[in-house]
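A.B. asks: One file: final.txt (compact mmCIF, C-alpha atoms).
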```txt
# COMPACT_ATOMS: atom_id res chain seq x y z
CA MET A 1 49.59 20.35 -3.08
CA ILE A 2 53.08 19.71 -1.75
CA HIS A 3 55.00 22.90 -0.97
CA ILE A 4 58.52 23.26 0.44
CA SER A 5 59.98 26.38 2.07
CA HIS A 6 63.03 27.19 4.16
CA ILE A 7 63.76 29.24 7.29
CA ASN A 8 67.34 29.76 8.51
CA LEU A 9 67.74 28.25 11.98
CA SER A 10 70.96 28.74 13.92
CA ASP A 11 72.57 25.77 15.64
CA ASP A 12 72.11 27.56 18.98
CA PHE A 13 68.38 28.02 18.33
CA VAL A 14 67.93 24.35 17.40
CA ASP A 15 69.92 23.26 20.47
CA ARG A 16 67.66 25.38 22.71
CA ILE A 17 64.51 23.78 21.26
CA ILE A 18 65.94 20.27 21.65
CA ASP A 19 66.99 21.08 25.23
CA PHE A 20 63.46 22.42 25.87
CA PHE A 21 62.08 19.09 24.64
CA LYS A 22 64.47 17.15 26.90
CA ASP A 23 63.69 19.41 29.89
CA ASN A 24 59.97 18.64 29.38
CA ILE A 25 60.33 14.91 28.70
CA LEU A 26 57.83 14.09 31.47
CA LYS A 27 55.18 16.10 29.58
CA THR A 28 55.67 14.06 26.38
CA TYR A 29 53.71 11.06 25.20
CA THR A 30 54.58 8.14 22.96
CA TRP A 31 53.06 7.89 19.47
CA ASP A 32 54.19 4.77 17.63
CA GLU A 33 58.00 4.98 17.85
CA THR A 34 58.17 8.72 18.56
CA ARG A 35 58.07 11.00 21.59
CA VAL A 36 55.75 14.02 21.24
CA LEU A 37 55.67 17.30 23.17
CA SER A 38 52.42 19.07 22.40
CA MET A 39 52.19 22.84 22.64
CA ASP A 40 48.60 22.62 23.89
CA LYS A 41 47.28 23.29 27.38
CA GLY A 42 47.36 19.60 28.25
CA GLY A 43 50.96 19.16 27.09
CA ILE A 44 53.18 22.10 27.86
CA GLY A 45 50.68 23.93 30.05
CA LYS A 46 49.85 27.62 29.95
CA TYR A 47 51.53 29.29 32.94
CA ASN A 48 55.13 30.23 33.77
CA LEU A 49 56.35 29.31 30.31
CA PRO A 50 60.07 29.79 29.61
CA GLU A 51 61.55 32.01 26.90
CA THR A 52 62.10 29.03 24.61
CA TYR A 53 58.32 28.50 24.47
CA TYR A 54 58.03 31.93 22.87
CA ASP A 55 60.90 31.09 20.49
CA ILE A 56 58.87 28.07 19.36
CA LEU A 57 55.80 30.30 19.03
CA ASN A 58 57.75 32.66 16.78
CA LEU A 59 59.06 29.76 14.71
CA ALA A 60 55.48 28.52 14.25
CA LYS A 61 54.51 32.04 13.08
CA ASP A 62 57.35 31.99 10.55
CA VAL A 63 56.40 28.52 9.30
CA LYS A 64 52.74 29.49 8.93
CA SER A 65 53.62 32.73 7.12
CA LYS A 66 55.39 30.86 4.29
CA VAL A 67 52.16 29.42 2.89
CA THR A 68 49.09 31.49 2.04
CA ASN A 69 46.55 28.84 1.01
CA LYS A 70 43.32 29.16 3.00
CA GLU A 71 43.71 25.48 4.00
CA PHE A 72 46.65 26.60 6.16
CA SER A 73 44.96 29.58 7.81
CA VAL A 74 44.15 28.22 11.32
CA LEU A 75 46.55 26.20 13.47
CA GLN A 76 44.99 23.14 15.08
CA ASN A 77 48.02 21.51 16.67
CA VAL A 78 51.74 22.17 17.16
CA GLU A 79 54.17 19.51 18.39
CA ILE A 80 57.87 18.91 18.77
CA VAL A 81 58.43 15.31 17.68
CA LYS A 82 61.50 13.20 18.42
CA TYR A 83 62.25 10.20 16.21
CA PRO A 84 64.93 8.29 18.10
CA CYS A 85 67.56 6.31 16.26
CA GLY A 86 65.84 3.20 14.85
CA ALA A 87 62.41 4.82 14.49
CA CYS A 88 60.38 5.21 11.30
CA LYS A 89 56.79 5.90 10.30
CA VAL A 90 55.08 3.54 7.89
CA PHE A 91 53.19 5.02 4.96
CA HIS A 92 49.79 6.27 6.03
CA LYS A 93 47.19 8.96 5.54
CA ASP A 94 46.40 11.13 8.55
CA ARG A 95 43.23 10.26 10.41
CA THR A 96 42.52 13.56 12.07
CA ARG A 97 39.56 15.81 12.71
CA LYS A 98 37.19 16.41 9.82
CA THR A 99 38.14 20.08 9.99
CA THR A 100 41.87 19.39 9.39
CA THR A 101 42.97 20.69 5.98
CA GLY A 102 46.78 20.46 6.00
CA ALA A 103 49.99 19.62 7.80
CA SER A 104 53.57 20.85 7.85
CA ILE A 105 56.80 19.31 9.06
CA THR A 106 59.80 21.52 9.83
CA TYR A 107 63.14 19.81 10.30
CA LEU A 108 64.83 21.22 13.39
CA ASN A 109 68.11 19.32 13.20
CA ASP A 110 69.83 17.57 10.31
CA ASN A 111 72.75 15.89 12.06
CA TYR A 112 71.27 12.41 11.71
CA ILE A 113 71.19 9.79 8.97
CA GLY A 114 67.90 8.61 7.45
CA GLY A 115 64.62 10.08 8.63
CA HIS A 116 63.52 11.44 5.26
CA THR A 117 59.88 12.40 4.84
CA VAL A 118 58.43 10.65 1.79
CA ILE A 119 55.11 11.94 0.38
CA GLU A 120 53.59 9.99 -2.53
CA GLY A 121 57.11 9.09 -3.74
CA VAL A 122 58.57 12.58 -3.20
CA ASP A 123 61.64 12.20 -0.95
CA VAL A 124 62.12 15.35 1.16
CA GLN A 125 65.74 15.53 2.28
CA PRO A 126 66.24 16.60 5.91
CA LEU A 127 67.74 20.08 6.15
CA SER A 128 67.48 22.18 9.30
CA GLY A 129 64.81 24.85 8.69
CA ARG A 130 63.22 23.10 5.70
CA THR A 131 59.43 22.81 5.91
CA VAL A 132 57.19 20.62 3.80
CA TYR A 133 53.46 21.48 3.62
CA PHE A 134 50.86 18.98 2.37
CA ASP A 135 47.41 17.52 2.94
CA GLY A 136 48.14 14.50 5.12
CA MET A 137 44.64 13.10 4.62
CA GLU A 138 45.03 13.15 0.83
CA PHE A 139 48.65 12.12 0.35
CA ARG A 140 50.22 8.92 1.69
CA HIS A 141 53.37 9.78 3.60
CA GLY A 142 55.90 8.23 5.92
CA VAL A 143 59.36 8.63 7.45
CA SER A 144 62.30 6.45 6.47
CA ASN A 145 64.26 4.69 9.20
CA VAL A 146 66.44 6.98 11.33
CA ILE A 147 69.71 5.05 11.36
CA LYS A 148 72.09 7.37 13.23
CA ARG A 149 71.31 9.92 15.99
CA ASP A 150 67.86 11.41 16.71
CA ARG A 151 65.55 13.41 14.42
CA TYR A 152 63.58 16.40 15.80
CA THR A 153 60.79 18.16 13.92
CA LEU A 154 58.16 20.79 14.51
CA SER A 155 54.91 19.26 13.26
CA MET A 156 51.88 21.47 12.71
CA TRP A 157 48.32 20.74 11.58
CA TYR A 158 45.99 23.33 10.10
CA GLY A 159 42.26 23.49 9.61
CA LEU A 160 39.04 25.40 9.90
CA ASP A 161 38.27 24.90 13.61
CA THR A 162 39.36 27.71 15.95
CA THR A 163 38.23 25.87 19.10
CA MET A 164 41.29 23.63 19.35
CA PRO A 165 43.07 23.15 22.70
CA LEU A 166 46.19 25.05 21.62
CA ASN A 167 47.45 27.72 23.95
CA LYS A 168 45.91 31.08 23.04
CA ASP A 169 49.33 32.33 21.85
CA PHE A 170 49.33 29.80 19.01
CA LEU A 171 45.69 30.33 18.07
CA GLU A 172 46.39 34.02 17.51
CA ILE A 173 49.09 33.36 14.89
```
Can the structure in the file be given as structure tokens, please?
C.D. replies:
Amino acid sequence: MIHISHINLSDDFVDRIIDFFKDNILKTYTWDETRVLSMDKGGIGKYNLPETYYDILNLAKDVKSKVTNKEFSVLQNVEIVKYPCGACKVFHKDRTRKTTTGASITYLNDNYIGGHTVIEGVDVQPLSGRTVYFDGMEFRHGVSNVIKRDRYTLSMWYGLDTTMPLNKDFLEI
């Protein structure tokens, strides 16, 4: 299954999320060519969280509400991912937990060139608020080279395990 939905995101909202990422750059880690800010207890923490954290929580709720398949019923991980200019992701299948049943990628910004998600030959055009849902362990997928400006996404993984290290707020979605 590959499913695409859309949520309207204002430029101000996207700017706040990107600024939140930049303000928390020391809490990010590098994965291949990307920078990742995890919304789990080890990444963002769990105390004294700013308002933008709750904006991201509400966005994750909206994203999750757009798909009703049981494979997408429990959140396992939520991340803001930055693909800097020049970055790409080679075609791969996710190697995640055995309980992982799906993934979604929501484009936050679309003011860059390149950075398309390609899933088994399906080219998903970047559009702010567009979300693509799929089984990353079943379908080969990658990201084309980002050739101008930076790409930001909200990446989410779903599964059957409710004992993940996400902050309680996200587990209750």
A.B. asks: Report, in Å with one decimal, the straight-line distance from atom CA of A:Asn8 to atom CA of A:Ile56.
C.D. replies: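 Atom CA of A:Ile56 lies at a distance of 13.9 Å from atom CA of A:Asn8.
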A.B. asks: Around (48.2, 18.0, 20.5) in the file's frame, which residues reach within 6 Å when counting only C-alpha atoms? Return as a tab-separated table (two decimals) with C-alpha atoms, in the frame of the given file?
C.D. replies:
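part_35.tsv written:
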```
chain	number	residue	atom	x	y	z
A	38	SER	CA	52.42	19.07	22.40
A	40	ASP	CA	48.60	22.62	23.89
A	77	ASN	CA	48.02	21.51	16.67
```
A.B. asks: Would you pick out the contacts of stretch 65-67 of chain A at 8 Å or less, using all atoms listed in the file, so that residues sharing its chain but fewer than 4 positions from it are not included, and give the list as a list in words?
C.D. replies: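 In the requested form, the answer reads Ser5, Lys61 and Phe72 of chain A.
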A.B. asks: Given the choices A:Gly129, A:Asn58, A:Thr28, A:Ile2, which gets closest to A:Gly45 if the distance is worked out from only C-alpha atoms?
C.D. replies: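 Closest candidate: A:Thr28.
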A.B. asks: Using all atoms of stretch 75-82 of chain A listed in the file and a margin of 3 Å per side, can you give the axis-aligned box centre and edge lengths in Å to one decimal, as JSON?
C.D. replies:
```
{"center_x": 53.2, "center_y": 19.7, "center_z": 16.1, "size_x": 22.5, "size_y": 19.0, "size_z": 11.3}
```
A.B. asks: Could you check the closest approach to A:Leu57 for each of A:Ile17, A:Val90, A:Leu26, A:Val143 and tell me which residue wins, using all atoms listed in the file?
C.D. replies: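 Going through A:Ile17, A:Val90, A:Leu26, A:Val143 one by one, the smallest distance to A:Leu57 is for A:Ile17.
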A.B. asks: Starting from the block above, write stretch 81-93 of chain A out to a file with N, CA and C atoms, as an mmCIF file, in the first residue's frame, please.
C.D. replies:
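Output file selection.cif is given in full below:
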```cif
data_model
loop_
_atom_site.group_PDB
_atom_site.id
_atom_site.type_symbol
_atom_site.label_atom_id
_atom_site.label_comp_id
_atom_site.auth_asym_id
_atom_site.auth_seq_id
_atom_site.Cartn_x
_atom_site.Cartn_y
_atom_site.Cartn_z
ATOM 1 N N VAL A 81 13.461 15.601 10.077
ATOM 2 C CA VAL A 81 14.670 15.233 9.350
ATOM 3 C C VAL A 81 15.042 16.345 8.374
ATOM 4 N N LYS A 82 16.282 16.772 8.435
ATOM 5 C CA LYS A 82 16.812 17.777 7.514
ATOM 6 C C LYS A 82 17.723 17.101 6.501
ATOM 7 N N TYR A 83 17.382 17.264 5.220
ATOM 8 C CA TYR A 83 18.267 16.869 4.129
ATOM 9 C C TYR A 83 18.914 18.143 3.622
ATOM 10 N N PRO A 84 20.186 18.369 3.929
ATOM 11 C CA PRO A 84 20.819 19.597 3.442
ATOM 12 C C PRO A 84 21.049 19.527 1.932
ATOM 13 N N CYS A 85 21.245 20.672 1.343
ATOM 14 C CA CYS A 85 21.557 20.728 -0.081
ATOM 15 C C CYS A 85 22.714 19.771 -0.372
ATOM 16 N N GLY A 86 22.541 18.932 -1.390
ATOM 17 C CA GLY A 86 23.553 17.941 -1.756
ATOM 18 C C GLY A 86 23.265 16.544 -1.233
ATOM 19 N N ALA A 87 22.336 16.424 -0.300
ATOM 20 C CA ALA A 87 22.039 15.118 0.301
ATOM 21 C C ALA A 87 21.042 14.331 -0.547
ATOM 22 N N CYS A 88 21.102 13.010 -0.395
ATOM 23 C CA CYS A 88 20.130 12.096 -1.000
ATOM 24 C C CYS A 88 20.080 10.849 -0.128
ATOM 25 N N LYS A 89 19.178 9.962 -0.459
ATOM 26 C CA LYS A 89 19.097 8.668 0.235
ATOM 27 C C LYS A 89 18.994 7.599 -0.837
ATOM 28 N N VAL A 90 19.960 6.689 -0.856
ATOM 29 C CA VAL A 90 19.943 5.637 -1.870
ATOM 30 C C VAL A 90 18.751 4.710 -1.622
ATOM 31 N N PHE A 91 18.349 4.008 -2.674
ATOM 32 C CA PHE A 91 17.225 3.090 -2.546
ATOM 33 C C PHE A 91 17.541 2.025 -1.506
ATOM 34 N N HIS A 92 16.563 1.758 -0.673
ATOM 35 C CA HIS A 92 16.748 0.804 0.425
ATOM 36 C C HIS A 92 15.376 0.327 0.901
ATOM 37 N N LYS A 93 15.397 -0.694 1.705
ATOM 38 C CA LYS A 93 14.228 -1.106 2.488
ATOM 39 C C LYS A 93 14.594 -0.844 3.947
#
```
